[in-house]
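A.B. asks: What follows is my_file29.cif, made up of mmCIF, C-alpha atoms:
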data_entry
loop_
_atom_site.group_PDB
_atom_site.id
_atom_site.type_symbol
_atom_site.label_atom_id
_atom_site.label_comp_id
_atom_site.auth_asym_id
_atom_site.auth_seq_id
_atom_site.Cartn_x
_atom_site.Cartn_y
_atom_site.Cartn_z
ATOM 1 C CA MET A 803 0.000 0.000 0.000
ATOM 2 C CA ASN A 804 1.463 3.372 -0.940
ATOM 3 C CA THR A 805 1.452 6.499 1.159
ATOM 4 C CA GLN A 806 -1.566 7.928 -0.567
ATOM 5 C CA GLU A 807 -3.641 4.802 -0.004
ATOM 6 C CA ARG A 808 -2.581 4.701 3.611
ATOM 7 C CA LEU A 809 -3.533 8.343 4.037
ATOM 8 C CA GLY A 810 -6.916 7.623 2.484
ATOM 9 C CA ARG A 811 -7.448 4.733 4.882
ATOM 10 C CA THR A 812 -6.442 6.806 7.860
ATOM 11 C CA PHE A 813 -8.757 9.622 6.904
ATOM 12 C CA SER A 814 -11.710 7.373 6.137
ATOM 13 C CA ALA A 815 -11.228 5.386 9.345
ATOM 14 C CA LEU A 816 -11.418 8.694 11.198
ATOM 15 C CA VAL A 817 -14.691 9.776 9.562
ATOM 16 C CA ASP A 818 -16.773 7.851 12.074
ATOM 17 C CA PRO A 819 -17.387 9.601 15.434
ATOM 18 C CA THR A 820 -17.423 6.338 17.397
ATOM 19 C CA ARG A 821 -14.024 5.385 16.020
ATOM 20 C CA ARG A 822 -12.686 8.825 16.854
ATOM 21 C CA ALA A 823 -14.008 8.462 20.386
ATOM 22 C CA ILE A 824 -12.295 5.066 20.661
ATOM 23 C CA LEU A 825 -8.995 6.602 19.564
ATOM 24 C CA ALA A 826 -9.428 9.507 21.952
ATOM 25 C CA ARG A 827 -10.042 7.017 24.748
ATOM 26 C CA LEU A 828 -6.885 5.066 23.789
ATOM 27 C CA GLU A 829 -4.892 8.284 23.709
ATOM 28 C CA ARG A 830 -5.507 8.733 27.388
ATOM 29 C CA SER A 831 -4.347 5.257 28.404
ATOM 30 C CA ASP A 832 -1.746 2.674 27.634
ATOM 31 C CA GLY A 833 -4.165 0.184 26.131
ATOM 32 C CA ALA A 834 -7.686 -0.860 27.025
ATOM 33 C CA SER A 835 -9.714 -4.030 26.813
ATOM 34 C CA VAL A 836 -12.506 -4.336 24.259
ATOM 35 C CA SER A 837 -15.179 -4.256 26.968
ATOM 36 C CA GLU A 838 -13.625 -1.147 28.507
ATOM 37 C CA LEU A 839 -13.773 0.494 25.102
ATOM 38 C CA ALA A 840 -17.376 -0.570 24.528
ATOM 39 C CA GLN A 841 -18.562 0.681 27.887
ATOM 40 C CA PRO A 842 -19.177 4.395 27.153
ATOM 41 C CA PHE A 843 -21.091 3.659 23.946
ATOM 42 C CA ALA A 844 -24.719 2.715 23.544
ATOM 43 C CA ILE A 845 -23.780 0.026 21.061
ATOM 44 C CA ARG A 846 -23.268 -3.697 21.339
ATOM 45 C CA LEU A 847 -19.936 -5.406 21.587
ATOM 46 C CA PRO A 848 -20.023 -6.831 18.022
ATOM 47 C CA ALA A 849 -20.450 -3.281 16.670
ATOM 48 C CA VAL A 850 -17.420 -2.169 18.659
ATOM 49 C CA MET A 851 -15.482 -5.134 17.294
ATOM 50 C CA LYS A 852 -16.328 -3.982 13.769
ATOM 51 C CA HIS A 853 -15.062 -0.491 14.467
ATOM 52 C CA LEU A 854 -11.873 -2.001 15.869
ATOM 53 C CA ASP A 855 -11.471 -4.039 12.671
ATOM 54 C CA VAL A 856 -11.594 -0.842 10.611
ATOM 55 C CA LEU A 857 -9.111 0.888 12.908
ATOM 56 C CA ALA A 858 -6.799 -2.134 12.832
ATOM 57 C CA ASP A 859 -6.973 -2.328 9.008
ATOM 58 C CA ALA A 860 -5.944 1.316 8.885
ATOM 59 C CA GLY A 861 -3.081 0.493 11.250
ATOM 60 C CA LEU A 862 -4.419 2.889 13.862
ATOM 61 C CA VAL A 863 -4.677 0.279 16.617
ATOM 62 C CA THR A 864 -3.072 -3.015 17.501
ATOM 63 C CA ARG A 865 -4.779 -5.854 19.345
ATOM 64 C CA SER A 866 -3.008 -8.375 21.518
ATOM 65 C CA LYS A 867 -4.616 -11.302 23.253
ATOM 66 C CA SER A 868 -3.659 -12.478 26.685
ATOM 67 C CA GLY A 869 -5.828 -15.274 28.040
ATOM 68 C CA ARG A 870 -9.404 -14.151 27.491
ATOM 69 C CA THR A 871 -8.615 -10.460 27.343
ATOM 70 C CA VAL A 872 -7.881 -8.568 24.146
ATOM 71 C CA THR A 873 -5.907 -5.405 24.776
ATOM 72 C CA VAL A 874 -6.230 -2.616 22.232
ATOM 73 C CA ARG A 875 -3.479 -0.031 21.854
ATOM 74 C CA LEU A 876 -3.143 3.122 19.812
ATOM 75 C CA ARG A 877 -0.646 2.979 16.955
ATOM 76 C CA PRO A 878 0.209 6.572 16.094
ATOM 77 C CA GLN A 879 2.246 6.092 12.885
ATOM 78 C CA PRO A 880 -0.647 6.548 10.391
ATOM 79 C CA MET A 881 -1.739 9.700 12.187
ATOM 80 C CA ARG A 882 1.795 10.971 11.971
ATOM 81 C CA GLU A 883 1.672 10.523 8.195
ATOM 82 C CA ALA A 884 -1.600 12.416 8.061
ATOM 83 C CA MET A 885 -0.035 15.201 10.102
ATOM 84 C CA ASP A 886 3.023 15.233 7.836
ATOM 85 C CA TRP A 887 0.770 15.703 4.826
ATOM 86 C CA LEU A 888 -0.847 18.688 6.471
ATOM 87 C CA ARG A 889 2.451 20.158 7.635
ATOM 88 C CA ARG A 890 4.013 19.914 4.194
ATOM 89 C CA TYR A 891 1.225 21.924 2.611
ATOM 90 C CA GLU A 892 1.128 24.308 5.517
ATOM 91 C CA ARG A 893 4.775 25.172 4.931
ATOM 92 C CA PHE A 894 4.206 25.519 1.202
ATOM 93 C CA TRP A 895 1.184 27.795 1.465
ATOM 94 C CA SER A 896 2.304 29.767 4.443
ATOM 95 C CA LYS A 897 5.457 30.958 2.662
ATOM 96 C CA SER A 898 3.623 31.438 -0.625
ATOM 97 C CA LEU A 899 0.891 33.539 0.960
ATOM 98 C CA ASP A 900 3.475 35.709 2.719
ATOM 99 C CA ARG A 901 4.865 36.658 -0.680
ATOM 100 C CA LEU A 902 1.415 36.960 -2.242
ATOM 101 C CA ALA A 903 0.489 39.498 0.454
ATOM 102 C CA VAL A 904 3.650 41.528 -0.199
ATOM 103 C CA LEU A 905 2.960 41.543 -3.942
ATOM 104 C CA ALA A 906 -0.736 42.458 -3.638
ATOM 105 C CA GLU A 907 -0.005 45.211 -1.119
ATOM 106 C CA ALA A 908 2.607 46.721 -3.441
ATOM 107 C CA LYS A 909 0.111 46.644 -6.309
ATOM 108 C CA GLU A 910 -2.542 48.259 -4.121
ATOM 109 C CA ALA A 911 -0.137 51.063 -3.177
ATOM 110 C CA GLU A 912 0.701 51.551 -6.845
ATOM 111 C CA ALA A 913 -2.982 51.698 -7.824
ATOM 112 C CA ARG A 914 -3.605 54.306 -5.122
ATOM 113 C CA ARG A 915 -0.683 56.422 -6.290
ATOM 114 C CA LYS A 916 -2.229 56.415 -9.716
ATOM 115 C CA GLY A 917 -5.505 57.489 -8.144
ATOM 116 C CA ARG A 918 -7.443 54.312 -8.904
ATOM 117 C CA MET B 510 -11.094 17.850 8.185
ATOM 118 C CA THR B 511 -8.905 16.177 5.630
ATOM 119 C CA SER B 512 -7.703 19.561 4.641
ATOM 120 C CA LEU B 513 -5.460 22.424 5.481
ATOM 121 C CA THR B 514 -6.982 25.893 5.868
ATOM 122 C CA LEU B 515 -5.039 29.123 6.156
ATOM 123 C CA VAL B 516 -6.493 32.615 6.550
ATOM 124 C CA ARG B 517 -4.624 35.819 5.714
ATOM 125 C CA ARG B 518 -5.567 39.466 5.863
ATOM 126 C CA ILE B 519 -4.052 41.451 3.040
ATOM 127 C CA LYS B 520 -4.039 45.227 2.682
ATOM 128 C CA ALA B 521 -5.181 45.201 -0.925
ATOM 129 C CA ARG B 522 -8.595 45.126 -2.557
ATOM 130 C CA PRO B 523 -9.978 41.706 -3.616
ATOM 131 C CA SER B 524 -9.619 42.376 -7.368
ATOM 132 C CA ILE B 525 -5.895 43.012 -6.950
ATOM 133 C CA VAL B 526 -5.427 39.867 -4.852
ATOM 134 C CA PHE B 527 -7.507 37.887 -7.334
ATOM 135 C CA ASP B 528 -5.282 38.982 -10.232
ATOM 136 C CA ALA B 529 -2.135 38.098 -8.280
ATOM 137 C CA VAL B 530 -3.579 34.625 -7.642
ATOM 138 C CA THR B 531 -4.875 33.894 -11.128
ATOM 139 C CA THR B 532 -2.427 35.430 -13.606
ATOM 140 C CA ALA B 533 0.793 33.762 -14.706
ATOM 141 C CA GLU B 534 2.625 37.039 -14.095
ATOM 142 C CA GLY B 535 1.278 37.213 -10.548
ATOM 143 C CA ILE B 536 1.859 33.536 -9.751
ATOM 144 C CA ALA B 537 5.479 33.785 -10.900
ATOM 145 C CA GLN B 538 6.132 36.265 -8.103
ATOM 146 C CA TRP B 539 4.851 34.419 -5.068
ATOM 147 C CA TRP B 540 4.409 30.681 -5.635
ATOM 148 C CA GLY B 541 6.616 28.239 -3.743
ATOM 149 C CA PRO B 542 7.673 27.175 -0.240
ATOM 150 C CA ASP B 543 10.974 29.064 -0.126
ATOM 151 C CA ALA B 544 12.735 31.944 -1.859
ATOM 152 C CA GLY B 545 13.684 29.829 -4.902
ATOM 153 C CA PRO B 546 12.447 31.085 -8.291
ATOM 154 C CA VAL B 547 9.359 30.195 -10.287
ATOM 155 C CA LEU B 548 10.728 28.868 -13.597
ATOM 156 C CA ARG B 549 7.509 28.763 -15.537
ATOM 157 C CA ALA B 550 3.923 29.761 -14.835
ATOM 158 C CA GLU B 551 0.924 29.192 -17.068
ATOM 159 C CA ALA B 552 -2.656 30.005 -16.157
ATOM 160 C CA ASP B 553 -5.619 29.644 -18.472
ATOM 161 C CA VAL B 554 -8.161 31.103 -16.090
ATOM 162 C CA ARG B 555 -11.513 29.754 -17.164
ATOM 163 C CA VAL B 556 -13.472 26.743 -15.967
ATOM 164 C CA GLY B 557 -11.824 23.739 -17.583
ATOM 165 C CA GLY B 558 -8.639 25.722 -18.304
ATOM 166 C CA ARG B 559 -5.346 24.545 -16.862
ATOM 167 C CA TYR B 560 -2.541 26.007 -14.822
ATOM 168 C CA ARG B 561 1.004 24.769 -14.460
ATOM 169 C CA VAL B 562 3.744 26.115 -12.226
ATOM 170 C CA ARG B 563 7.339 24.926 -12.183
ATOM 171 C CA PHE B 564 9.652 26.208 -9.484
ATOM 172 C CA ARG B 565 13.113 25.586 -8.095
ATOM 173 C CA LEU B 566 13.799 25.331 -4.398
ATOM 174 C CA LEU B 567 16.878 26.797 -2.765
ATOM 175 C CA ASP B 568 18.236 23.240 -2.484
ATOM 176 C CA GLY B 569 18.303 23.117 -6.305
ATOM 177 C CA THR B 570 15.487 20.609 -6.793
ATOM 178 C CA GLU B 571 12.738 21.449 -9.276
ATOM 179 C CA HIS B 572 9.060 20.785 -8.711
ATOM 180 C CA GLU B 573 5.964 21.261 -10.774
ATOM 181 C CA SER B 574 2.323 21.317 -9.864
ATOM 182 C CA SER B 575 -0.553 21.584 -12.260
ATOM 183 C CA GLY B 576 -4.275 21.177 -12.474
ATOM 184 C CA GLU B 577 -7.557 22.411 -13.816
ATOM 185 C CA TYR B 578 -9.696 25.384 -12.862
ATOM 186 C CA LEU B 579 -12.953 24.010 -11.495
ATOM 187 C CA GLU B 580 -14.748 27.179 -10.401
ATOM 188 C CA ILE B 581 -14.052 30.844 -10.950
ATOM 189 C CA VAL B 582 -16.043 33.675 -9.411
ATOM 190 C CA ARG B 583 -14.110 36.871 -9.904
ATOM 191 C CA PRO B 584 -12.982 38.386 -7.547
ATOM 192 C CA GLU B 585 -14.275 36.098 -4.804
ATOM 193 C CA ARG B 586 -13.351 32.537 -5.372
ATOM 194 C CA VAL B 587 -11.214 30.187 -7.414
ATOM 195 C CA VAL B 588 -11.159 26.394 -7.114
ATOM 196 C CA MET B 589 -8.642 24.176 -8.843
ATOM 197 C CA SER B 590 -7.456 20.616 -8.856
ATOM 198 C CA TRP B 591 -3.841 20.008 -7.895
ATOM 199 C CA ARG B 592 -1.338 17.329 -8.778
ATOM 200 C CA TRP B 593 2.431 17.172 -8.443
ATOM 201 C CA GLU B 594 4.324 16.338 -11.612
ATOM 202 C CA GLY B 595 6.152 13.070 -10.986
ATOM 203 C CA GLY B 596 4.186 12.675 -7.812
ATOM 204 C CA GLN B 597 7.053 11.994 -5.429
ATOM 205 C CA GLU B 598 5.889 14.613 -2.967
ATOM 206 C CA ASP B 599 2.307 13.439 -2.924
ATOM 207 C CA PRO B 600 1.056 11.153 -5.692
ATOM 208 C CA GLY B 601 -2.634 11.896 -5.264
ATOM 209 C CA GLN B 602 -4.887 14.609 -6.516
ATOM 210 C CA SER B 603 -5.993 17.362 -4.232
ATOM 211 C CA ARG B 604 -8.268 20.371 -4.399
ATOM 212 C CA LEU B 605 -7.249 23.923 -3.803
ATOM 213 C CA GLU B 606 -9.780 26.622 -3.037
ATOM 214 C CA ILE B 607 -8.981 30.294 -2.511
ATOM 215 C CA ARG B 608 -11.762 32.547 -1.270
ATOM 216 C CA LEU B 609 -11.485 36.318 -1.033
ATOM 217 C CA ARG B 610 -13.717 38.486 1.112
ATOM 218 C CA ALA B 611 -13.658 42.265 1.204
ATOM 219 C CA ILE B 612 -12.908 43.617 4.678
ATOM 220 C CA PRO B 613 -12.325 47.270 5.751
ATOM 221 C CA GLU B 614 -8.525 46.978 5.493
ATOM 222 C CA GLY B 615 -8.578 45.074 2.215
ATOM 223 C CA THR B 616 -9.089 41.352 1.714
ATOM 224 C CA GLU B 617 -9.431 38.317 3.882
ATOM 225 C CA LEU B 618 -8.045 35.343 1.988
ATOM 226 C CA THR B 619 -8.998 31.796 2.974
ATOM 227 C CA LEU B 620 -7.033 28.998 1.365
ATOM 228 C CA THR B 621 -8.133 25.375 1.685
ATOM 229 C CA HIS B 622 -5.998 22.548 0.356
ATOM 230 C CA ALA B 623 -7.859 19.258 0.621
ATOM 231 C CA LEU B 624 -6.696 15.724 0.000
ATOM 232 C CA LEU B 625 -8.839 14.201 -2.712
ATOM 233 C CA HIS B 626 -7.687 10.907 -4.068
ATOM 234 C CA ASP B 627 -10.300 8.234 -3.754
ATOM 235 C CA ASP B 628 -13.928 7.615 -2.955
ATOM 236 C CA ASP B 629 -13.312 7.122 0.738
ATOM 237 C CA THR B 630 -11.747 10.500 1.042
ATOM 238 C CA ARG B 631 -14.447 12.208 -0.961
ATOM 239 C CA ARG B 632 -16.966 10.593 1.342
ATOM 240 C CA SER B 633 -15.095 11.864 4.339
ATOM 241 C CA HIS B 634 -15.238 15.366 2.882
ATOM 242 C CA GLU B 635 -18.978 15.090 2.527
ATOM 243 C CA HIS B 636 -19.454 13.849 6.061
ATOM 244 C CA GLY B 637 -16.936 16.180 7.516
ATOM 245 C CA TRP B 638 -15.167 15.405 10.720
ATOM 246 C CA SER B 639 -13.906 18.625 12.150
ATOM 247 C CA GLY B 640 -12.074 18.281 15.375
ATOM 248 C CA ALA B 641 -10.551 14.907 14.624
ATOM 249 C CA LEU B 642 -7.277 16.311 13.451
ATOM 250 C CA ASP B 643 -7.292 18.896 16.203
ATOM 251 C CA LYS B 644 -7.228 15.949 18.547
ATOM 252 C CA LEU B 645 -4.477 14.286 16.583
ATOM 253 C CA GLN B 646 -2.545 17.516 16.619
ATOM 254 C CA ALA B 647 -2.877 17.629 20.398
ATOM 255 C CA HIS B 648 -1.715 14.051 20.573
ATOM 256 C CA PHE B 649 1.399 14.709 18.553
ATOM 257 C CA ALA B 650 2.114 17.915 20.337
ATOM 258 C CA ASP B 651 2.345 15.738 23.443
ATOM 259 C CA SER B 652 4.209 12.799 21.979
ATOM 260 C CA ARG B 653 6.743 14.967 20.181
ATOM 261 C CA GLN B 654 7.809 16.821 23.235
ATOM 262 C CA GLY B 655 11.478 16.290 23.887
ATOM 263 C CA SER B 656 12.030 14.566 20.560
ATOM 264 C CA GLU B 657 12.350 17.745 18.555
ATOM 265 C CA THR B 658 15.711 19.383 18.318
#
Could you render the structure as structure tokens?

C.D. replies:
Amino acid sequence: MNTQERLGRTFSALVDPTRRAILARLERSDGASVSELAQPFAIRLPAVMKHLDVLADAGLVTRSKSGRTVTVRLRPQPMREAMDWLRRYERFWSKSLDRLAVLAEAKEAEARRKGR
Amino acid sequence: MTSLTLVRRIKARPSIVFDAVTTAEGIAQWWGPDAGPVLRAEADVRVGGRYRVRFRLLDGTEHESSGEYLEIVRPERVVMSWRWEGGQEDPGQSRLEIRLRAIPEGTELTLTHALLHDDDTRRSHEHGWSGALDKLQAHFADSRQGSET
């Protein structure tokens, strides 16, 4: 899977508010069991399992089984890629817009000098 | 929010900003992430027309982005598709929108650069999920502490 496909998966996994809430919950702890994750939501365990499948496919969580307990942990790498994408364009546009502002302001001053 | 949004206030009227954004002559003077030169700028500003900008960075590497004008409302709004030539930087297609609003001191410019490369992402645009990346940003602000030089 290339970067772009991974980015797409990350972003689409994050579309769902329940999945975002699960990630937010995992952010605050070093792993949680599936039933702990299901607890705040008014949905059944199988539905939570499905959300976890999507998150795992996107590489956003890992699951490890110990006895009867499955521990879910946040895997931040895909989010980091998403952030890198945003940062790259932020740098590009931030610098570009600085110069655009300088240019437009010079042209405005020129137009005013000419009485337009 | 699968997109980046930047807002700038510019002390120039919207028509002047619009021309700087949409003419090859204007683009040649501001486009690019560092002080390296724009080597070539073409802009056929009409819906369906294309633009192409090639620039050199201070590190000597050359880059080119191009795309199609999707919407033009002079002097308020221009929307274009965006793709890097060669695609090393980012192989997908994205969407760039620049909106201009008259304010007392001149123009408020809002730029939105959105990832747009497959159906999933388009769907996510339609649904919207503001706040998600704010959270991620907070997360990385935390996890990066101490690791940055």

A.B. asks: Tell me which of A:Val872, A:Leu857, A:Ala884, A:Ala849 sits closest to Gly810 (chain A), counting only C-alpha atoms.

C.D. replies: A:Ala884

A.B. asks: Taking all atoms listed in the file into account, which of B:Val582, B:Ala552, B:Val562, B:Leu620 comes nearest chain A?

C.D. replies: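 Among B:Val582, B:Ala552, B:Val562, B:Leu620, it is B:Leu620 that comes nearest to chain A.
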
A.B. asks: List, as a PyMOL selection string, every residue that the PyMOL selection byres ((chain A) within 10 of (chain B)) selects in the file provided.

C.D. replies: chain A and resi 804-807+809-819+822-823+825-826+829-830+878+881-882+884-885+887-911+913

A.B. asks: Can you give me, as a ChimeraX atom specification, the residues this file yields under the PyMOL selection byres ((chain A and resi 832-838) around 8)?

C.D. replies: /A:828-831,839-842,847,850-851,871-876

A.B. asks: I'd like the neighbourhood of region 564-568 of chain B as a ChimeraX atom specification, where a residue qualifies if any of its atoms comes within 6 Å (using only C-alpha atoms), though same-chain residues fewer than 2 positions away should be ignored.

C.D. replies: /B:545-548,570-572

A.B. asks: What's the separation between CA of Gly861 (chain A) and CA of Phe843 (chain A), in Å to one decimal place?

C.D. replies: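 A separation of 22.3 Å between them.
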
A.B. asks: Evaluated on this file, the PyMOL selection byres ((chain B and resi 583-587) around 8) picks out some residues - which ones are they, written as a list in words?

C.D. replies: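 Applying the expression gives Pro523, Ser524, Phe527, Tyr578, Leu579, Glu580, Ile581, Val582, Val588, Met589, Glu606, Ile607, Arg608, Leu609 and Arg610 of chain B.
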
A.B. asks: Expressed in Å to a single decimal, how great is the separation between CA of Ala858 (chain A) and CA of Ala844 (chain A)?

C.D. replies: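 Computing the Euclidean distance for CA of Ala858 (chain A) and CA of Ala844 (chain A) yields 21.4 Å.
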
A.B. asks: Report the distance between CA of Gly558 (chain B) and CA of Ala537 (chain B) in Å, rounded to one decimal place.

C.D. replies: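 Atom-to-atom, CA of Gly558 (chain B) to CA of Ala537 (chain B), that is 17.9 Å.
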
A.B. asks: Would you compute, for all listed atoms of region 876-888 of chain A, the axis-aligned bounding box grown by 4 Å on each side, and then report its centre and edge lengths in Å rounded to one decimal, as lines of an AutoDock Vina configuration file?

C.D. replies:
center_x = -0.1
center_y = 10.8
center_z = 12.3
size_x = 14.2
size_y = 23.7
size_z = 23.0
